[in-house]
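> Supplied structure: coords33.cif, mmCIF, C-alpha atoms.
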data_my_file
#
loop_
_atom_site.label_atom_id
_atom_site.label_comp_id
_atom_site.auth_asym_id
_atom_site.auth_seq_id
_atom_site.Cartn_x
_atom_site.Cartn_y
_atom_site.Cartn_z
CA MET S 1 127.70 116.75 79.64
CA SER S 2 127.78 120.22 81.12
CA THR S 3 128.66 120.74 84.78
CA LYS S 4 125.30 122.46 85.24
CA ALA S 5 123.39 119.40 84.12
CA ASP S 6 125.60 117.25 86.36
CA THR S 7 124.87 119.43 89.39
CA ARG S 8 121.14 119.36 88.74
CA GLN S 9 121.20 115.58 88.36
CA HIS S 10 123.32 115.21 91.50
CA LEU S 11 120.80 117.28 93.50
CA LEU S 12 117.96 115.20 92.08
CA ASP S 13 119.61 111.90 92.97
CA THR S 14 120.58 113.09 96.45
CA ALA S 15 117.07 114.33 97.18
CA ALA S 16 115.49 111.20 95.71
CA THR S 17 117.37 108.99 98.16
CA MET S 18 116.78 111.33 101.11
CA PHE S 19 113.03 111.66 100.46
CA HIS S 20 112.58 107.97 99.70
CA THR S 21 114.48 106.67 102.72
CA GLY S 22 113.31 109.47 105.03
CA SER S 23 110.34 111.72 104.43
CA TYR S 24 109.53 114.87 102.49
CA SER S 25 108.84 117.06 105.56
CA GLY S 26 111.79 115.64 107.46
CA VAL S 27 114.31 116.71 104.81
CA GLY S 28 115.18 120.38 104.32
CA ILE S 29 116.85 122.24 101.48
CA ALA S 30 119.88 122.92 103.71
CA GLY S 31 120.24 119.20 104.45
CA ILE S 32 120.00 118.30 100.77
CA CYS S 33 122.62 120.94 99.85
CA ASP S 34 124.95 119.69 102.63
CA GLN S 35 124.57 116.08 101.57
CA ALA S 36 125.10 116.95 97.89
CA GLY S 37 127.93 119.41 98.56
CA VAL S 38 126.09 122.08 96.56
CA SER S 39 125.49 125.69 97.63
CA LYS S 40 122.00 127.01 98.33
CA GLY S 41 122.47 129.58 95.55
CA SER S 42 123.09 126.77 93.11
CA PHE S 43 120.08 124.84 94.45
CA PHE S 44 117.73 127.75 93.83
CA HIS S 45 119.19 128.20 90.36
CA PHE S 46 117.83 124.76 89.45
CA PHE S 47 114.78 124.48 91.72
CA PRO S 48 112.75 127.53 92.81
CA SER S 49 111.43 125.57 95.82
CA LYS S 50 111.55 122.26 97.64
CA ARG S 51 108.21 121.43 96.05
CA ASP S 52 109.69 121.90 92.54
CA LEU S 53 112.50 119.55 93.52
CA ALA S 54 110.02 117.00 94.89
CA LEU S 55 108.03 117.10 91.65
CA ALA S 56 111.23 116.60 89.61
CA VAL S 57 112.19 113.68 91.87
CA ALA S 58 108.74 112.11 91.45
CA ASP S 59 108.96 112.54 87.69
CA GLN S 60 112.34 110.81 87.62
CA PHE S 61 110.92 107.93 89.69
CA ARG S 62 107.98 107.60 87.30
CA GLN S 63 110.31 107.41 84.35
CA ARG S 64 112.63 104.86 85.96
CA ILE S 65 109.80 102.69 87.24
CA GLY S 66 108.29 102.76 83.74
CA GLU S 67 111.58 101.57 82.24
CA THR S 68 112.14 98.82 84.81
CA LEU S 69 109.25 97.49 86.93
CA VAL S 70 106.44 98.18 84.49
CA LYS S 71 108.38 97.14 81.39
CA GLU S 72 109.53 93.95 83.08
CA GLY S 73 106.19 93.11 84.63
CA PHE S 74 103.98 93.75 81.63
CA SER S 75 105.98 92.03 78.91
CA THR S 76 103.38 90.69 76.45
CA GLN S 77 105.12 87.36 76.14
CA TYR S 78 103.11 86.30 79.22
CA SER S 79 99.35 85.87 79.55
CA PRO S 80 97.56 88.97 80.90
CA LEU S 81 96.93 87.52 84.37
CA ALA S 82 100.47 86.11 84.59
CA ARG S 83 101.75 89.66 84.05
CA PHE S 84 100.27 90.72 87.40
CA ASP S 85 102.29 87.98 89.10
CA ARG S 86 105.40 89.08 87.23
CA PHE S 87 104.84 92.70 88.17
CA ALA S 88 104.43 91.75 91.85
CA GLU S 89 107.64 89.69 91.68
CA ALA S 90 109.52 92.63 90.15
CA LEU S 91 108.15 94.91 92.89
CA TYR S 92 109.31 92.46 95.55
CA ALA S 93 112.80 92.33 94.01
CA PHE S 94 112.95 96.14 93.88
CA GLN S 95 111.90 96.66 97.51
CA LYS S 96 114.17 93.82 98.69
CA THR S 97 117.20 95.42 97.02
CA GLN S 98 116.28 98.82 98.45
CA THR S 99 115.89 97.32 101.93
CA GLU S 100 119.29 95.63 101.71
CA GLU S 101 120.85 98.89 100.56
CA HIS S 102 119.27 101.24 103.11
CA GLY S 103 118.43 98.97 106.06
CA HIS S 104 114.76 99.93 105.85
CA LEU S 105 112.10 99.13 103.31
CA PRO S 106 111.30 102.51 101.74
CA GLY S 107 107.97 101.64 100.06
CA CYS S 108 106.48 103.37 97.03
CA PRO S 109 107.80 106.92 96.51
CA PHE S 110 104.38 108.02 95.20
CA GLY S 111 102.46 106.40 98.03
CA ASN S 112 104.79 107.95 100.59
CA LEU S 113 104.39 111.41 99.12
CA ALA S 114 100.61 111.01 98.81
CA LEU S 115 100.06 110.03 102.44
CA GLU S 116 102.44 112.68 103.72
CA GLN S 117 101.46 115.65 101.57
CA ALA S 118 98.00 115.11 100.08
CA THR S 119 96.16 117.05 102.78
CA GLN S 120 98.65 119.90 102.67
CA ASP S 121 99.71 120.47 99.07
CA ASP S 122 97.23 119.99 96.24
CA VAL S 123 99.90 120.48 93.55
CA ILE S 124 101.93 117.54 94.88
CA ARG S 125 98.76 115.51 95.48
CA MET S 126 97.53 115.93 91.90
CA LYS S 127 100.95 115.13 90.43
CA VAL S 128 101.20 111.96 92.52
CA ASP S 129 97.67 111.01 91.50
CA SER S 130 98.59 111.42 87.83
CA TYR S 131 101.67 109.21 88.23
CA LEU S 132 99.64 106.55 90.04
CA SER S 133 97.14 106.72 87.19
CA VAL S 134 99.87 105.82 84.67
CA LEU S 135 100.21 102.48 86.46
CA GLY S 136 96.43 102.22 86.82
CA ASN S 137 96.05 102.61 83.04
CA GLN S 138 98.59 99.82 82.46
CA PHE S 139 96.54 97.61 84.79
CA ARG S 140 93.33 98.55 83.00
CA GLN S 141 94.69 97.60 79.56
CA THR S 142 95.92 94.31 80.96
CA ILE S 143 92.56 93.58 82.61
CA ALA S 144 90.78 94.34 79.32
CA GLU S 145 93.06 91.83 77.56
CA ALA S 146 92.39 89.26 80.29
CA VAL S 147 88.63 89.70 79.83
CA ARG S 148 88.93 89.38 76.04
CA CYS S 149 90.89 86.13 76.25
CA GLY S 150 88.64 84.70 78.98
CA GLU S 151 91.17 84.78 81.83
CA LEU S 152 88.88 87.12 83.76
CA PRO S 153 85.07 87.31 83.81
CA GLU S 154 83.34 90.56 82.73
CA VAL S 155 84.53 92.84 85.52
CA ASP S 156 84.23 96.61 85.87
CA GLU S 157 87.61 97.19 84.22
CA LYS S 158 88.25 100.70 85.50
CA ALA S 159 87.23 99.93 89.09
CA THR S 160 89.19 96.66 89.09
CA ALA S 161 92.29 98.50 87.82
CA ASP S 162 91.95 101.08 90.61
CA ALA S 163 91.43 98.24 93.09
CA MET S 164 94.61 96.52 91.91
CA LEU S 165 96.51 99.80 92.06
CA SER S 166 95.29 100.25 95.64
CA TYR S 167 96.40 96.74 96.50
CA VAL S 168 99.88 97.34 95.10
CA GLU S 169 100.16 100.45 97.28
CA GLY S 170 98.71 98.61 100.28
CA ILE S 171 101.11 95.66 100.20
CA GLN S 172 104.04 98.09 100.02
CA LEU S 173 102.58 99.96 102.99
CA LEU S 174 102.26 96.79 105.09
CA ALA S 175 105.76 95.69 104.04
CA LYS S 176 107.09 99.08 105.14
CA ALA S 177 105.24 98.92 108.47
CA ARG S 178 106.82 95.48 109.06
CA ASN S 179 110.13 96.44 107.41
CA ASP S 180 109.94 93.12 105.60
CA PRO S 181 110.01 92.69 101.80
CA GLU S 182 108.74 89.11 102.20
CA VAL S 183 105.28 90.62 102.81
CA ILE S 184 105.28 91.66 99.12
CA ARG S 185 106.41 88.22 97.96
CA ARG S 186 103.75 86.49 100.06
CA LEU S 187 100.88 88.84 99.15
CA GLY S 188 101.80 89.46 95.50
CA PRO S 189 99.79 86.49 94.19
CA GLY S 190 96.62 88.08 95.62
CA LEU S 191 96.80 90.91 93.08
CA LYS S 192 95.23 88.93 90.24
CA SER S 193 92.37 87.70 92.48
CA ILE S 194 90.81 91.15 92.87
CA ARG S 195 87.57 91.74 90.99
CA ILE S 196 84.95 94.44 91.08
CA PHE S 197 81.76 93.93 89.12
CA SER S 198 79.43 96.56 87.73
CA ASP S 199 76.33 97.19 89.79
CA GLY S 200 73.86 94.38 89.76
CA MET Y 1 87.53 115.18 136.17
CA SER Y 2 90.77 116.81 137.22
CA THR Y 3 92.15 119.74 135.25
CA LYS Y 4 95.33 117.74 134.66
CA ALA Y 5 93.46 114.96 132.91
CA ASP Y 6 91.53 117.56 130.90
CA THR Y 7 94.76 119.23 129.76
CA ARG Y 8 96.32 115.90 128.74
CA GLN Y 9 93.18 114.94 126.80
CA HIS Y 10 93.06 118.37 125.16
CA LEU Y 11 96.68 118.01 124.01
CA LEU Y 12 95.91 114.51 122.70
CA ASP Y 13 92.85 115.66 120.75
CA THR Y 14 94.64 118.72 119.35
CA ALA Y 15 97.63 116.66 118.22
CA ALA Y 16 95.38 113.91 116.82
CA THR Y 17 93.67 116.38 114.50
CA MET Y 18 96.93 118.13 113.55
CA PHE Y 19 98.78 114.88 112.78
CA HIS Y 20 95.82 113.34 110.97
CA THR Y 21 95.02 116.33 108.78
CA GLY Y 22 98.68 117.36 108.34
CA SER Y 23 101.67 115.13 108.96
CA TYR Y 24 103.78 114.00 111.89
CA SER Y 25 107.00 115.71 110.74
CA GLY Y 26 105.18 118.83 109.67
CA VAL Y 27 103.76 119.47 113.14
CA GLY Y 28 106.02 120.60 115.99
CA ILE Y 29 105.57 120.63 119.75
CA ALA Y 30 105.47 124.46 119.71
CA GLY Y 31 102.66 124.39 117.14
CA ILE Y 32 100.65 121.87 119.13
CA CYS Y 33 101.09 123.92 122.33
CA ASP Y 34 100.03 127.11 120.51
CA GLN Y 35 96.99 125.45 119.01
CA ALA Y 36 95.99 123.86 122.32
CA GLY Y 37 96.78 126.99 124.37
CA VAL Y 38 99.00 124.93 126.67
CA SER Y 39 102.54 125.83 127.82
CA LYS Y 40 105.54 123.77 126.78
CA GLY Y 41 106.25 123.03 130.42
CA SER Y 42 102.82 121.51 130.75
CA PHE Y 43 103.29 119.55 127.50
CA PHE Y 44 106.49 117.94 128.77
CA HIS Y 45 104.79 117.14 132.06
CA PHE Y 46 102.41 114.86 130.16
CA PHE Y 47 104.57 113.73 127.23
CA PRO Y 48 108.36 113.40 127.48
CA SER Y 49 108.65 113.73 123.67
CA LYS Y 50 106.70 114.23 120.46
CA ARG Y 51 107.08 110.51 119.83
CA ASP Y 52 105.38 109.70 123.16
CA LEU Y 53 102.53 111.98 122.16
CA ALA Y 54 102.29 110.33 118.73
CA LEU Y 55 102.11 106.89 120.33
CA ALA Y 56 99.37 108.08 122.71
CA VAL Y 57 97.48 109.57 119.76
CA ALA Y 58 97.80 106.31 117.80
CA ASP Y 59 96.57 104.35 120.82
CA GLN Y 60 93.53 106.60 121.15
CA PHE Y 61 92.77 106.13 117.43
CA ARG Y 62 93.07 102.34 117.80
CA GLN Y 63 90.63 102.39 120.68
CA ARG Y 64 88.11 104.65 118.92
CA ILE Y 65 88.31 102.73 115.65
CA GLY Y 66 87.76 99.51 117.59
CA GLU Y 67 84.64 100.96 119.23
CA THR Y 68 83.19 102.35 116.00
CA LEU Y 69 84.38 101.08 112.59
CA VAL Y 70 85.38 97.59 113.66
CA LYS Y 71 82.43 97.07 115.99
CA GLU Y 72 80.00 98.32 113.35
CA GLY Y 73 81.61 96.43 110.47
CA PHE Y 74 82.02 93.06 112.12
CA SER Y 75 78.66 92.70 113.83
CA THR Y 76 77.95 88.95 113.79
CA GLN Y 77 74.36 89.45 112.71
CA TYR Y 78 75.69 89.47 109.12
CA SER Y 79 77.35 86.65 107.20
CA PRO Y 80 81.17 86.66 107.40
CA LEU Y 81 81.66 87.92 103.82
CA ALA Y 82 78.92 90.52 104.19
CA ARG Y 83 80.85 91.93 107.15
CA PHE Y 84 83.69 92.96 104.84
CA ASP Y 85 81.21 94.98 102.78
CA ARG Y 86 79.82 96.53 105.94
CA PHE Y 87 83.28 97.40 107.20
CA ALA Y 88 84.15 99.05 103.87
CA GLU Y 89 80.91 101.04 104.01
CA ALA Y 90 81.68 102.20 107.55
CA LEU Y 91 85.17 103.20 106.41
CA TYR Y 92 83.70 105.19 103.54
CA ALA Y 93 81.30 106.98 105.88
CA PHE Y 94 84.15 107.80 108.28
CA GLN Y 95 86.46 109.22 105.60
CA LYS Y 96 83.58 111.10 103.97
CA THR Y 97 82.71 112.81 107.25
CA GLN Y 98 86.37 113.63 107.88
CA THR Y 99 86.72 115.07 104.36
CA GLU Y 100 83.65 117.24 104.83
CA GLU Y 101 84.97 118.46 108.18
CA HIS Y 102 88.58 119.20 107.14
CA GLY Y 103 88.34 119.82 103.37
CA HIS Y 104 90.82 117.04 102.69
CA LEU Y 105 90.52 113.29 103.01
CA PRO Y 106 92.96 112.43 105.81
CA GLY Y 107 93.29 108.67 105.22
CA CYS Y 108 94.20 106.06 107.82
CA PRO Y 109 96.13 107.49 110.79
CA PHE Y 110 98.18 104.29 111.07
CA GLY Y 111 98.96 104.11 107.36
CA ASN Y 112 99.98 107.77 107.36
CA LEU Y 113 102.33 107.29 110.28
CA ALA Y 114 103.75 104.06 108.81
CA LEU Y 115 104.64 105.59 105.45
CA GLU Y 116 106.04 108.73 107.01
CA GLN Y 117 108.02 107.33 109.93
CA ALA Y 118 108.73 103.62 109.33
CA THR Y 119 112.19 104.17 107.84
CA GLN Y 120 113.13 106.63 110.57
CA ASP Y 121 111.68 105.44 113.86
CA ASP Y 122 111.44 101.73 114.64
CA VAL Y 123 109.49 102.33 117.86
CA ILE Y 124 106.71 104.11 115.96
CA ARG Y 125 106.91 101.57 113.13
CA MET Y 126 106.47 98.59 115.45
CA LYS Y 127 103.61 100.23 117.34
CA VAL Y 128 101.79 101.02 114.08
CA ASP Y 129 102.41 97.46 112.88
CA SER Y 130 100.87 96.10 116.09
CA TYR Y 131 97.78 98.29 115.68
CA LEU Y 132 97.39 97.23 112.05
CA SER Y 133 97.65 93.64 113.23
CA VAL Y 134 94.65 94.09 115.52
CA LEU Y 135 92.55 94.74 112.42
CA GLY Y 136 94.35 91.94 110.56
CA ASN Y 137 93.38 89.50 113.32
CA GLN Y 138 89.75 90.57 113.07
CA PHE Y 139 89.91 89.91 109.33
CA ARG Y 140 91.54 86.54 109.92
CA GLN Y 141 88.82 85.37 112.32
CA THR Y 142 86.17 86.49 109.86
CA ILE Y 143 87.89 84.69 106.96
CA ALA Y 144 88.10 81.50 109.08
CA GLU Y 145 84.34 81.75 109.72
CA ALA Y 146 83.71 82.33 106.01
CA VAL Y 147 85.72 79.20 105.15
CA ARG Y 148 83.87 77.14 107.77
CA CYS Y 149 80.46 78.15 106.45
CA GLY Y 150 81.48 77.70 102.81
CA GLU Y 151 81.39 81.38 101.80
CA LEU Y 152 85.10 81.19 100.93
CA PRO Y 153 87.14 78.28 99.55
CA GLU Y 154 90.10 76.94 101.56
CA VAL Y 155 92.37 79.98 101.38
CA ASP Y 156 95.59 80.72 103.25
CA GLU Y 157 93.75 82.50 106.04
CA LYS Y 158 96.69 84.46 107.46
CA ALA Y 159 97.95 85.63 104.06
CA THR Y 160 94.43 86.49 102.88
CA ALA Y 161 93.85 88.53 106.06
CA ASP Y 162 97.11 90.44 105.46
CA ALA Y 163 96.10 90.93 101.84
CA MET Y 164 92.73 92.37 102.87
CA LEU Y 165 94.42 94.61 105.43
CA SER Y 166 96.74 95.86 102.68
CA TYR Y 167 93.77 96.52 100.43
CA VAL Y 168 92.00 98.55 103.11
CA GLU Y 169 95.12 100.68 103.50
CA GLY Y 170 95.54 100.94 99.74
CA ILE Y 171 92.03 102.17 98.97
CA GLN Y 172 92.41 104.84 101.65
CA LEU Y 173 95.74 105.84 100.08
CA LEU Y 174 94.22 106.17 96.60
CA ALA Y 175 91.24 108.06 98.03
CA LYS Y 176 93.65 110.44 99.77
CA ALA Y 177 95.71 110.92 96.59
CA ARG Y 178 92.47 111.81 94.77
CA ASN Y 179 90.95 113.62 97.76
CA ASP Y 180 87.77 111.72 97.01
CA PRO Y 181 85.95 109.47 99.49
CA GLU Y 182 83.93 107.98 96.60
CA VAL Y 183 87.05 105.94 95.74
CA ILE Y 184 86.44 103.98 98.96
CA ARG Y 185 82.75 103.47 98.19
CA ARG Y 186 83.52 102.27 94.67
CA LEU Y 187 86.43 99.98 95.59
CA GLY Y 188 85.06 98.67 98.92
CA PRO Y 189 83.21 95.72 97.33
CA GLY Y 190 86.57 94.41 96.03
CA LEU Y 191 87.71 93.63 99.58
CA LYS Y 192 85.85 90.33 99.82
CA SER Y 193 87.16 89.16 96.41
CA ILE Y 194 90.77 88.88 97.57
CA ARG Y 195 92.11 85.37 98.00
CA ILE Y 196 95.55 83.92 98.55
CA PHE Y 197 95.95 80.17 98.41
CA SER Y 198 98.62 78.06 100.06
CA ASP Y 199 101.44 77.00 97.77
CA GLY Y 200 100.43 74.54 95.13
#
Show the structure stored in the file as structure tokens.


Amino acid sequence: MSTKADTRQHLLDTAATMFHTGSYSGVGIAGICDQAGVSKGSFFHFFPSKRDLALAVADQFRQRIGETLVKEGFSTQYSPLARFDRFAEALYAFQKTQTEEHGHLPGCPFGNLALEQATQDDVIRMKVDSYLSVLGNQFRQTIAEAVRCGELPEVDEKATADAMLSYVEGIQLLAKARNDPEVIRRLGPGLKSIRIFSDG
Amino acid sequence: MSTKADTRQHLLDTAATMFHTGSYSGVGIAGICDQAGVSKGSFFHFFPSKRDLALAVADQFRQRIGETLVKEGFSTQYSPLARFDRFAEALYAFQKTQTEEHGHLPGCPFGNLALEQATQDDVIRMKVDSYLSVLGNQFRQTIAEAVRCGELPEVDEKATADAMLSYVEGIQLLAKARNDPEVIRRLGPGLKSIRIFSDG
């Protein structure tokens, strides 16, 4: 592996932890460079701006969450509805480990970025929305399977998927406000209860 | 009304809008003073720190939301479950108006502050948690009524209230990520579907 690729990855990992355990606005390029032991010149070689770095960090999170949480939660060896419980359990385990490591429950990196930046930066907002939609689409497929096999009644599949996505963000928000991963464990089973029906 | 009280209220209102439509970290005392046309000396006379101002802003939001959204949503002339629909409709109307006024959907002021500051400032985190709990308690009372009158089965009332609170935060988060108040209108009816049962 080239040193250049190592430096880029080191900046990404440093920023990922700083954004996730702090906030986007609260962390500056100088602070990231200090923490990573990388010069500003080198930083700007890899990332033209803090926003470009934030988007790269979000993309890395999306990829890692896809390979871990989503893969683990949505294994097709379980019934469609049981997968929502498994996903919630995996989310609990993830936030619990993060809390033990950092002393504070960091919440969802996409949710954090959305609430902090959505009113100020449409590029970040739209990227976060697209990453949230990846999870929403996984939910929607799973809901469709649950309807086909009779585990769920005929719900509005798209709206119910968005509702479940909202719930997943909401329980992480409450857990962060209480700094308590047990909130996710206790509320996780509610995920599969959510239903939205078409008009009428 | 004394000029002093006017100045304090003007600072509060200016900061409330700036925090709500921007972010807490992204707004500085100098910027608030500039926007309000108030000197820094005067600022520090009323608020020893930005955190004190943020807590006063959050308290004002809690009070106003209690007098509008919560009062409107939980009017006892409707059945307990119907109140959740009414609350969601009031929330939609509020965020829609805010979006039209500011060009961006600002989301829940408490949720915003929680996700931005919870890992960094325990005083703010605990205050936000306590304000969220006021709404959670309203939900819990309404759920208990719904169980008594047979509109809901015997759920875990405390967990279901927390789950509904999470959902309310989550649909505002998704709406903010999409900058679209219609998300709240479409997902609002899912609020009353959430149920968490005691173990077993």

> Pick out the chain S residues within 6 Å of chain Y. Count all atoms listed in the file. Give them as number ranges by chain.

S: 23, 25-26, 104, 112, 114-116, 118-119, 125, 129, 163, 166-167, 169-171, 177, 187, 190, 193-196

> What is the distance between atom CA of S:Pro153 and atom CA of S:Ser79, in Å to one decimal?

15.0 Å

> Please evaluate the PyMOL selection byres ((chain Y and resi 50) around 12) against the structure above and give the resulting residues as a VMD selection string.

chain Y and resid 11 to 12 15 to 16 19 24 to 33 40 43 to 44 46 to 49 51 to 57 124

> Can you tell me which residues surround stretch 140-151 of chain S at a distance of at most 7 Å, considering all atoms listed in the file, apart from same-chain residues fewer than 4 positions away, and format the answer as a PDB file with C-alpha atoms, in the frame of the given file?


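out27.pdb, freshly written:
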ATOM      1  CA  PRO S  80      97.560  88.970  80.900  1.00  0.00           C
ATOM      2  CA  LEU S  81      96.930  87.520  84.370  1.00  0.00           C
ATOM      3  CA  GLY S 136      96.430 102.220  86.820  1.00  0.00           C
ATOM      4  CA  GLU S 157      87.610  97.190  84.220  1.00  0.00           C
ATOM      5  CA  LYS S 158      88.250 100.700  85.500  1.00  0.00           C
ATOM      6  CA  ALA S 161      92.290  98.500  87.820  1.00  0.00           C
TER       7      ALA S 161
END

> What is the distance between atom CA of Y:Ala93 and atom CA of Y:Gln9, in Å to one decimal?

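Rounded to one decimal, the two atoms are 25.3 Å apart.
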
> In Å to one decimal, how far is atom CA of S:Gln98 from atom CA of Y:Ala58?

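Atom CA of S:Gln98 lies at a distance of 27.8 Å from atom CA of Y:Ala58.
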
> As lines of an AutoDock Vina configuration file, what would the box around stretch 75-90 of chain S look like: edges along x, y and z, 3 Å added on every side, centre and edge lengths in Å to one decimal?


center_x = 103.2
center_y = 89.3
center_z = 84.0
size_x = 18.6
size_y = 12.8
size_z = 21.7

> Provide stretch 29-45 of chain S rebuilt to N, CA and C atoms, formatted as an mmCIF file, in the frame of the given file.


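Final output, saved to out23.cif:
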data_model
loop_
_atom_site.group_PDB
_atom_site.id
_atom_site.type_symbol
_atom_site.label_atom_id
_atom_site.label_comp_id
_atom_site.auth_asym_id
_atom_site.auth_seq_id
_atom_site.Cartn_x
_atom_site.Cartn_y
_atom_site.Cartn_z
ATOM 1 N N ILE S 29 115.965 121.846 102.588
ATOM 2 C CA ILE S 29 116.850 122.240 101.480
ATOM 3 C C ILE S 29 118.302 122.291 101.973
ATOM 4 N N ALA S 30 118.513 122.826 103.182
ATOM 5 C CA ALA S 30 119.880 122.920 103.710
ATOM 6 C C ALA S 30 120.510 121.524 103.818
ATOM 7 N N GLY S 31 119.734 120.570 104.308
ATOM 8 C CA GLY S 31 120.240 119.200 104.450
ATOM 9 C C GLY S 31 120.589 118.583 103.109
ATOM 10 N N ILE S 32 119.744 118.836 102.115
ATOM 11 C CA ILE S 32 120.000 118.300 100.770
ATOM 12 C C ILE S 32 121.277 118.923 100.198
ATOM 13 N N CYS S 33 121.417 120.246 100.364
ATOM 14 C CA CYS S 33 122.620 120.940 99.850
ATOM 15 C C CYS S 33 123.875 120.407 100.543
ATOM 16 N N ASP S 34 123.812 120.246 101.871
ATOM 17 C CA ASP S 34 124.950 119.690 102.630
ATOM 18 C C ASP S 34 125.337 118.323 102.082
ATOM 19 N N GLN S 35 124.320 117.473 101.989
ATOM 20 C CA GLN S 35 124.570 116.080 101.570
ATOM 21 C C GLN S 35 125.150 116.050 100.146
ATOM 22 N N ALA S 36 124.649 116.940 99.291
ATOM 23 C CA ALA S 36 125.100 116.950 97.890
ATOM 24 C C ALA S 36 126.386 117.744 97.704
ATOM 25 N N GLY S 37 126.755 118.549 98.713
ATOM 26 C CA GLY S 37 127.930 119.410 98.560
ATOM 27 C C GLY S 37 127.702 120.512 97.524
ATOM 28 N N VAL S 38 126.464 121.044 97.538
ATOM 29 C CA VAL S 38 126.090 122.080 96.560
ATOM 30 C C VAL S 38 125.609 123.295 97.363
ATOM 31 N N SER S 39 125.911 124.495 96.886
ATOM 32 C CA SER S 39 125.490 125.690 97.630
ATOM 33 C C SER S 39 123.993 125.932 97.463
ATOM 34 N N LYS S 40 123.437 126.682 98.411
ATOM 35 C CA LYS S 40 122.000 127.010 98.330
ATOM 36 C C LYS S 40 121.708 127.843 97.085
ATOM 37 N N GLY S 41 122.651 128.749 96.747
ATOM 38 C CA GLY S 41 122.470 129.580 95.550
ATOM 39 C C GLY S 41 122.313 128.701 94.318
ATOM 40 N N SER S 42 123.147 127.691 94.244
ATOM 41 C CA SER S 42 123.090 126.770 93.110
ATOM 42 C C SER S 42 121.772 125.984 93.125
ATOM 43 N N PHE S 43 121.359 125.569 94.323
ATOM 44 C CA PHE S 43 120.080 124.840 94.450
ATOM 45 C C PHE S 43 118.952 125.664 93.848
ATOM 46 N N PHE S 44 118.857 126.923 94.278
ATOM 47 C CA PHE S 44 117.730 127.750 93.830
ATOM 48 C C PHE S 44 117.840 128.129 92.361
ATOM 49 N N HIS S 45 119.038 128.015 91.808
ATOM 50 C CA HIS S 45 119.190 128.200 90.360
ATOM 51 C C HIS S 45 118.419 127.096 89.617
#
